[in-house]
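data_27.txt follows (compact mmCIF, C-alpha atoms):
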# COMPACT_ATOMS: atom_id res chain seq x y z
CA MET A 1 121.98 122.12 100.29
CA ALA A 2 118.42 122.25 101.63
CA LYS A 3 117.25 125.29 103.55
CA PRO A 4 116.17 124.67 107.15
CA GLY A 5 112.63 125.35 108.27
CA THR A 6 109.18 124.82 106.86
CA LYS A 7 108.82 124.41 103.10
CA PRO A 8 107.10 127.34 101.43
CA THR A 9 103.52 126.78 100.33
CA PRO A 10 103.01 127.04 96.56
CA THR A 11 101.27 130.25 95.53
CA ALA A 12 98.47 128.31 93.80
CA LEU A 13 97.63 126.65 97.13
CA LYS A 14 97.80 129.99 98.96
CA LYS A 15 95.33 131.43 96.48
CA LEU A 16 92.98 128.45 96.87
CA ARG A 17 93.14 128.86 100.64
CA GLY A 18 92.38 132.57 100.37
CA ASN A 19 95.92 133.64 101.41
CA PRO A 20 95.27 133.16 105.15
CA GLY A 21 98.59 134.79 106.14
CA ARG A 22 97.69 137.94 104.19
CA ARG A 23 101.31 138.28 103.15
CA PRO A 24 102.05 139.58 99.67
CA LEU A 25 102.10 136.75 97.14
CA PRO A 26 105.26 136.26 95.07
CA LYS A 27 105.06 137.92 91.67
CA ASN A 28 107.84 136.08 89.85
CA GLU A 29 107.07 132.50 90.87
CA PRO A 30 107.20 130.10 87.91
CA VAL A 31 103.79 128.75 86.94
CA ALA A 32 103.52 125.08 86.04
CA GLU A 33 101.27 124.82 83.03
CA GLY A 34 99.68 121.98 81.11
CA ARG A 35 98.39 118.65 82.28
CA PRO A 36 101.09 115.98 82.59
CA VAL A 37 100.73 112.94 80.37
CA CYS A 38 100.54 109.50 81.94
CA PRO A 39 103.70 107.50 81.13
CA ALA A 40 103.11 104.18 79.37
CA TYR A 41 105.46 102.33 81.74
CA LEU A 42 103.28 102.78 84.85
CA SER A 43 101.80 99.68 86.43
CA ASP A 44 98.06 99.08 86.03
CA TYR A 45 97.13 100.31 89.51
CA ALA A 46 99.34 103.37 89.06
CA LYS A 47 97.63 104.19 85.74
CA THR A 48 94.23 103.85 87.41
CA GLU A 49 95.25 106.26 90.17
CA TRP A 50 96.76 108.64 87.60
CA ARG A 51 93.48 108.76 85.68
CA TYR A 52 91.65 109.45 88.93
CA ILE A 53 93.89 112.04 90.61
CA VAL A 54 95.37 114.11 87.76
CA PRO A 55 92.04 115.59 86.54
CA LEU A 56 91.18 116.56 90.12
CA LEU A 57 94.52 118.27 90.68
CA ASP A 58 94.34 119.93 87.27
CA ASP A 59 90.88 121.33 88.06
CA MET A 60 92.33 122.82 91.25
CA GLY A 61 95.10 124.40 89.17
CA ILE A 62 97.95 123.10 91.32
CA ILE A 63 99.81 120.82 88.91
CA GLY A 64 101.54 121.13 85.58
CA LYS A 65 103.61 119.07 83.20
CA VAL A 66 106.68 119.63 85.33
CA ASP A 67 105.07 117.71 88.22
CA ARG A 68 105.02 114.45 86.31
CA GLY A 69 107.85 112.87 88.31
CA VAL A 70 106.17 113.51 91.66
CA LEU A 71 102.87 112.21 90.27
CA VAL A 72 104.58 109.09 88.91
CA SER A 73 106.15 108.46 92.32
CA TYR A 74 102.83 108.98 94.10
CA CYS A 75 100.96 106.68 91.71
CA GLU A 76 103.56 103.93 91.91
CA ALA A 77 103.51 104.15 95.72
CA TYR A 78 99.73 103.78 95.50
CA SER A 79 100.20 100.75 93.24
CA MET A 80 102.62 99.14 95.69
CA PHE A 81 100.17 99.82 98.54
CA ARG A 82 97.33 98.14 96.61
CA GLN A 83 99.48 95.12 95.77
CA ALA A 84 100.53 94.72 99.41
CA VAL A 85 96.93 94.98 100.63
CA GLU A 86 95.85 92.32 98.14
CA ALA A 87 98.76 90.05 99.07
CA LEU A 88 97.80 90.32 102.74
CA GLU A 89 94.19 89.46 101.88
CA ARG A 90 95.35 86.38 99.97
CA GLU A 91 97.32 85.32 103.05
CA LEU A 92 94.24 85.55 105.29
CA ASN A 93 95.11 89.12 106.32
CA SER A 94 97.70 87.84 108.76
CA PRO A 95 100.30 90.37 109.92
CA VAL A 96 102.53 87.53 111.10
CA ILE A 97 103.74 84.40 109.38
CA ARG A 98 105.46 81.28 110.59
CA THR A 99 108.92 80.55 109.22
CA HIS A 100 110.09 77.09 108.24
CA ASN A 101 111.89 76.99 111.63
CA GLY A 102 108.59 77.53 113.44
CA ASN A 103 109.28 81.12 114.47
CA TYR A 104 106.71 83.87 114.02
CA VAL A 105 107.81 86.99 112.14
CA GLN A 106 106.10 89.99 110.66
CA ASN A 107 104.65 89.31 107.24
CA PRO A 108 106.91 91.14 104.73
CA TRP A 109 103.84 92.56 103.00
CA VAL A 110 103.06 94.55 106.15
CA SER A 111 106.37 96.41 105.85
CA ILE A 112 105.85 96.95 102.13
CA LYS A 113 102.33 98.28 102.74
CA ASN A 114 103.49 100.61 105.52
CA ARG A 115 106.40 101.98 103.48
CA ALA A 116 104.15 102.56 100.46
CA ALA A 117 101.65 104.41 102.68
CA GLN A 118 104.46 106.62 104.02
CA ASP A 119 105.64 107.34 100.49
CA MET A 120 102.10 108.16 99.35
CA LEU A 121 101.70 110.65 102.19
CA LYS A 122 105.05 112.25 101.43
CA TYR A 123 104.23 112.75 97.75
CA ALA A 124 100.65 113.75 98.50
CA ALA A 125 101.92 116.49 100.82
CA GLU A 126 104.16 117.77 98.03
CA LEU A 127 101.11 118.01 95.77
CA GLY A 128 98.77 119.51 98.38
CA MET A 129 96.61 116.36 98.59
CA THR A 130 96.68 115.55 102.30
CA PRO A 131 93.50 115.77 104.39
CA SER A 132 94.94 118.64 106.43
CA ALA A 133 95.72 120.54 103.23
CA ARG A 134 92.14 120.04 102.01
CA THR A 135 90.70 121.53 105.18
CA ARG A 136 92.64 124.74 104.51
CA ILE A 137 91.67 125.03 100.85
CA ARG A 138 88.76 127.32 100.05
CA ILE A 139 87.78 127.10 96.42
CA GLU A 140 86.01 130.16 95.17
CA GLN A 141 82.91 129.54 93.11
CA ARG A 142 83.58 130.21 89.47
CA ASP A 143 81.13 132.58 87.93
CA GLU A 144 79.10 131.10 85.16
CA GLU A 145 79.25 132.84 81.83
CA PRO A 146 76.77 135.69 81.68
CA SER A 147 73.58 135.09 79.79
CA LEU A 148 72.88 136.99 76.58
CA PHE A 149 70.43 139.12 78.54
CA GLU A 150 73.09 140.05 81.12
CA GLU A 151 75.54 140.89 78.33
CA PHE A 152 72.89 143.07 76.71
CA GLN A 153 72.22 144.87 80.01
CA ALA A 154 75.94 145.48 80.52
CA ALA A 155 76.27 146.84 76.99
CA MET A 156 73.34 149.18 77.52
CA ARG A 157 74.84 150.55 80.75
CA GLY A 158 77.96 151.57 79.22
Would you encode the structure as structure tokens?
Amino acid sequence: MAKPGTKPTPTALKKLRGNPGRRPLPKNEPVAEGRPVCPAYLSDYAKTEWRYIVPLLDDMGIIGKVDRGVLVSYCEAYSMFRQAVEALERELNSPVIRTHNGNYVQNPWVSIKNRAAQDMLKYAAELGMTPSARTRIRIEQRDEEPSLFEEFQAAMRG
């Protein structure tokens, strides 16, 4: 059974944000390692999104192989969104259509597009990819490797 209340923020995201709550970080939290591999069965648009988003998330250090299912779901929702947008464009971008009885109804692609957008947001929130999550993330600059001169100076000091 699910616990009530707000979902806990993954430790990796807390670290990227600079631990704004200043609470002690969990010490025994499992760490997801490795970059997930793109499944061959994904649709073309989903594969394109996978190739775009996975390296970005991997560079941030917030995904691992275990997150493949969530990433697959996000990418397929993106694919469905793209297909719905294109279908609407082919149909003159009309949110309503006329039935054979002469009635006007909402174009089914509008519902498909909206549901795919909701799904994308849901999965993106799970992965820390929403715009509000990005505003809270502070990525520390990685120090470049020291030059040979700096290494020599450090060795001479001690």
For this session: Find the spatial neighbours of stretch 49-53 of chain A, counting only C-alpha atoms, within a cut-off of 12 Å - ignore same-chain residues fewer than 4 positions away - and output them as a ChimeraX atom specification.
Result: /A:35-40,42-45,57-60,62-63,68-82,120,124,127-129
Exercise. For the atom pair atom CA of A:Glu33 and atom CA of A:Leu121, what is the interatomic distance in Å to one decimal place?
Worked result: 23.8 Å
Problem set entry | Atomic separation - atom CA of A:Lys113 relative to atom CA of A:Ala87, Å |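 Distance reported for this atom pair: 9.7 Å.
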Exercise. In Å, with one decimal, what is the gap from atom CA of A:Pro95 to atom CA of A:Pro108?
Worked result: 8.4 Å
